[in-house]
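Trainee: This structure is in structure tokens; I'll ask about it shortly.
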Amino acid sequence: MGSFMAAWKDGEEREKAIESAQESFAFLEKLIQGKKYFSGEDEIGYLDLALGWIPLCLDILEEVGGMKLVDAEKFPSLLEWAHNFAEIPLIKERFPPRDALANYFHKIVGLKRSKK
């Protein structure tokens, strides 16, 4: 949730949300190290599917929120997993168009910010 909250929060709340998100990503980084997928095998498992929003949404959230949550230096294994997961044909075919998702997030974040 920290990733989503950081996109529209301000000040100290934003910093706490970013910290929370990065702690979660650090945990995932440790879990995925040395593996192609979270299942530990060459096939995706439940956790891969549950975290499948990361390769689709993370860069959009960073763009919309004007922040950087995950970089290649701190989270190389997680980013490699995200790339591998997003390249699976069945997954790739079902991702919505990036522009449509970016427009949606811009609207949601704008709405959340207007309610402050």
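To be explicit about the labels: the chains of the structure tokens are called A, B, and onward in the order shown, and within each one the residues are counted from 1, while ligands get numbers from 1 in the order they are shown.
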Output as a ChimeraX atom specification all residues of stretch 27-110 of chain A that backbone DSSP marks as alpha helix (DSSP H).

Mentor: /A:27-32,46-50,53-65,76-86,89-94,98-110

Trainee: Need to verify the contact set: A:Asp42, 12 Å, only C-alpha atoms, exclusion of same-chain residues closer than 4 positions in sequence. Can you return it as a list in words?

Mentor: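 Everything that qualifies: Gly34, Lys35, Lys36, Tyr37, Phe38, Asp48, Trp81, Asn84, Phe85 and Ile88 of chain A.
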
Trainee: Just the number, please: distance in Å from atom CA of A:Glu63 to atom CA of A:Phe4, one decimal.

Mentor: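 Computed distance, atom CA of A:Glu63 to atom CA of A:Phe4, equals 11.7 Å.
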
Trainee: Tell me which protein, DNA and RNA residues are within 8 Å of A:Pro55, counting only C-alpha atoms, leaving out same-chain ones fewer than 4 positions away, and put them as a PyMOL selection string.

Mentor: chain A and resi 59+82-83+85-86

Trainee: Keeping all heavy atoms, export the residues of the selection given above as a PDB file, in the first residue's frame.

Mentor:
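So selection.pdb came out as:
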ATOM      1  N   ASP A  59       6.393   1.640 -12.356  1.00  0.00           N
ATOM      2  CA  ASP A  59       6.965   2.824 -13.011  1.00  0.00           C
ATOM      3  C   ASP A  59       5.909   3.904 -13.245  1.00  0.00           C
ATOM      4  O   ASP A  59       6.210   5.092 -13.221  1.00  0.00           O
ATOM      5  CB  ASP A  59       7.698   2.460 -14.301  1.00  0.00           C
ATOM      6  CG  ASP A  59       6.791   2.033 -15.427  1.00  0.00           C
ATOM      7  OD1 ASP A  59       5.827   1.291 -15.162  1.00  0.00           O
ATOM      8  OD2 ASP A  59       7.039   2.435 -16.574  1.00  0.00           O
ATOM      9  N   ALA A  82      10.823  -8.763 -12.365  1.00  0.00           N
ATOM     10  CA  ALA A  82       9.746  -7.996 -13.002  1.00  0.00           C
ATOM     11  C   ALA A  82       9.860  -8.084 -14.519  1.00  0.00           C
ATOM     12  O   ALA A  82       8.856  -8.284 -15.212  1.00  0.00           O
ATOM     13  CB  ALA A  82       9.782  -6.540 -12.538  1.00  0.00           C
ATOM     14  N   HIS A  83      11.075  -7.978 -15.028  1.00  0.00           N
ATOM     15  CA  HIS A  83      11.287  -8.086 -16.475  1.00  0.00           C
ATOM     16  C   HIS A  83      10.925  -9.493 -16.960  1.00  0.00           C
ATOM     17  O   HIS A  83      10.208  -9.640 -17.963  1.00  0.00           O
ATOM     18  CB  HIS A  83      12.733  -7.748 -16.831  1.00  0.00           C
ATOM     19  CG  HIS A  83      13.054  -7.980 -18.263  1.00  0.00           C
ATOM     20  ND1 HIS A  83      12.655  -7.125 -19.264  1.00  0.00           N
ATOM     21  CD2 HIS A  83      13.700  -8.997 -18.869  1.00  0.00           C
ATOM     22  CE1 HIS A  83      13.055  -7.598 -20.426  1.00  0.00           C
ATOM     23  NE2 HIS A  83      13.691  -8.737 -20.223  1.00  0.00           N
ATOM     24  N   PHE A  85       8.955 -11.717 -15.594  1.00  0.00           N
ATOM     25  CA  PHE A  85       7.518 -11.945 -15.456  1.00  0.00           C
ATOM     26  C   PHE A  85       6.748 -11.247 -16.573  1.00  0.00           C
ATOM     27  O   PHE A  85       5.857 -11.830 -17.188  1.00  0.00           O
ATOM     28  CB  PHE A  85       7.056 -11.434 -14.088  1.00  0.00           C
ATOM     29  CG  PHE A  85       5.597 -11.698 -13.816  1.00  0.00           C
ATOM     30  CD1 PHE A  85       5.169 -12.939 -13.385  1.00  0.00           C
ATOM     31  CD2 PHE A  85       4.653 -10.696 -13.992  1.00  0.00           C
ATOM     32  CE1 PHE A  85       3.821 -13.196 -13.138  1.00  0.00           C
ATOM     33  CE2 PHE A  85       3.309 -10.936 -13.746  1.00  0.00           C
ATOM     34  CZ  PHE A  85       2.891 -12.187 -13.321  1.00  0.00           C
ATOM     35  N   ALA A  86       7.104 -10.001 -16.848  1.00  0.00           N
ATOM     36  CA  ALA A  86       6.393  -9.224 -17.868  1.00  0.00           C
ATOM     37  C   ALA A  86       6.606  -9.769 -19.277  1.00  0.00           C
ATOM     38  O   ALA A  86       5.799  -9.485 -20.172  1.00  0.00           O
ATOM     39  CB  ALA A  86       6.824  -7.763 -17.801  1.00  0.00           C
TER      40      ALA A  86
END

Trainee: Pick out the residues sitting within 10 Å of A:Ala102, and hand them over as a list of chain:residue names; count only C-alpha atoms, and ignore anything fewer than 2 positions along from it in its own chain.

Mentor: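 Residues meeting the cut-off are A:Cys57, A:Asp59, A:Ile60, A:Leu61, A:Glu63, A:Val64, A:Pro97, A:Arg98, A:Asp99, A:Ala100, A:Tyr104, A:Phe105, A:His106, A:Lys107, A:Ile108.
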
Trainee: For A:Phe75, which of A:Phe27, A:Glu19, A:Ser3, A:Arg14 is the closest residue, counting only C-alpha atoms?

Mentor: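 Closest candidate: A:Phe27.
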
Trainee: Using only C-alpha atoms, which of A:Gly66, A:Met1, A:Gly11, A:Gly110 sits nearest A:Ile54?

Mentor: A:Met1

Trainee: With distances taken over only C-alpha atoms, which residue among A:Ile91, A:Lys74, A:Glu23, A:Ala7 lies nearest A:Leu49?

Mentor: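 Among A:Ile91, A:Lys74, A:Glu23, A:Ala7, it is A:Ile91 that comes nearest to A:Leu49.
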
Trainee: If we count only C-alpha atoms, what is near A:Ser20 at a cut-off of 10 Å, once residues fewer than 2 positions away on the same chain are taken out, given as a count of residues only?

Mentor: 15

Trainee: Work out how far atom CA of A:Pro76 is from atom CA of A:Leu47, in Å to one decimal.

Mentor: 18.3 Å

Trainee: May I ask for the distance between atom CA of A:Glu62 and atom CA of A:Gly45, given in Å to one decimal place?

Mentor: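 These two atoms are separated by 26.3 Å.
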
Trainee: Find the residues around A:Arg113 up to 9 Å (only C-alpha atoms counted), leave out those fewer than 4 positions away in its own chain, and share them as an MDAnalysis selection string.

Mentor: chainID A and resid 8:9 108:109
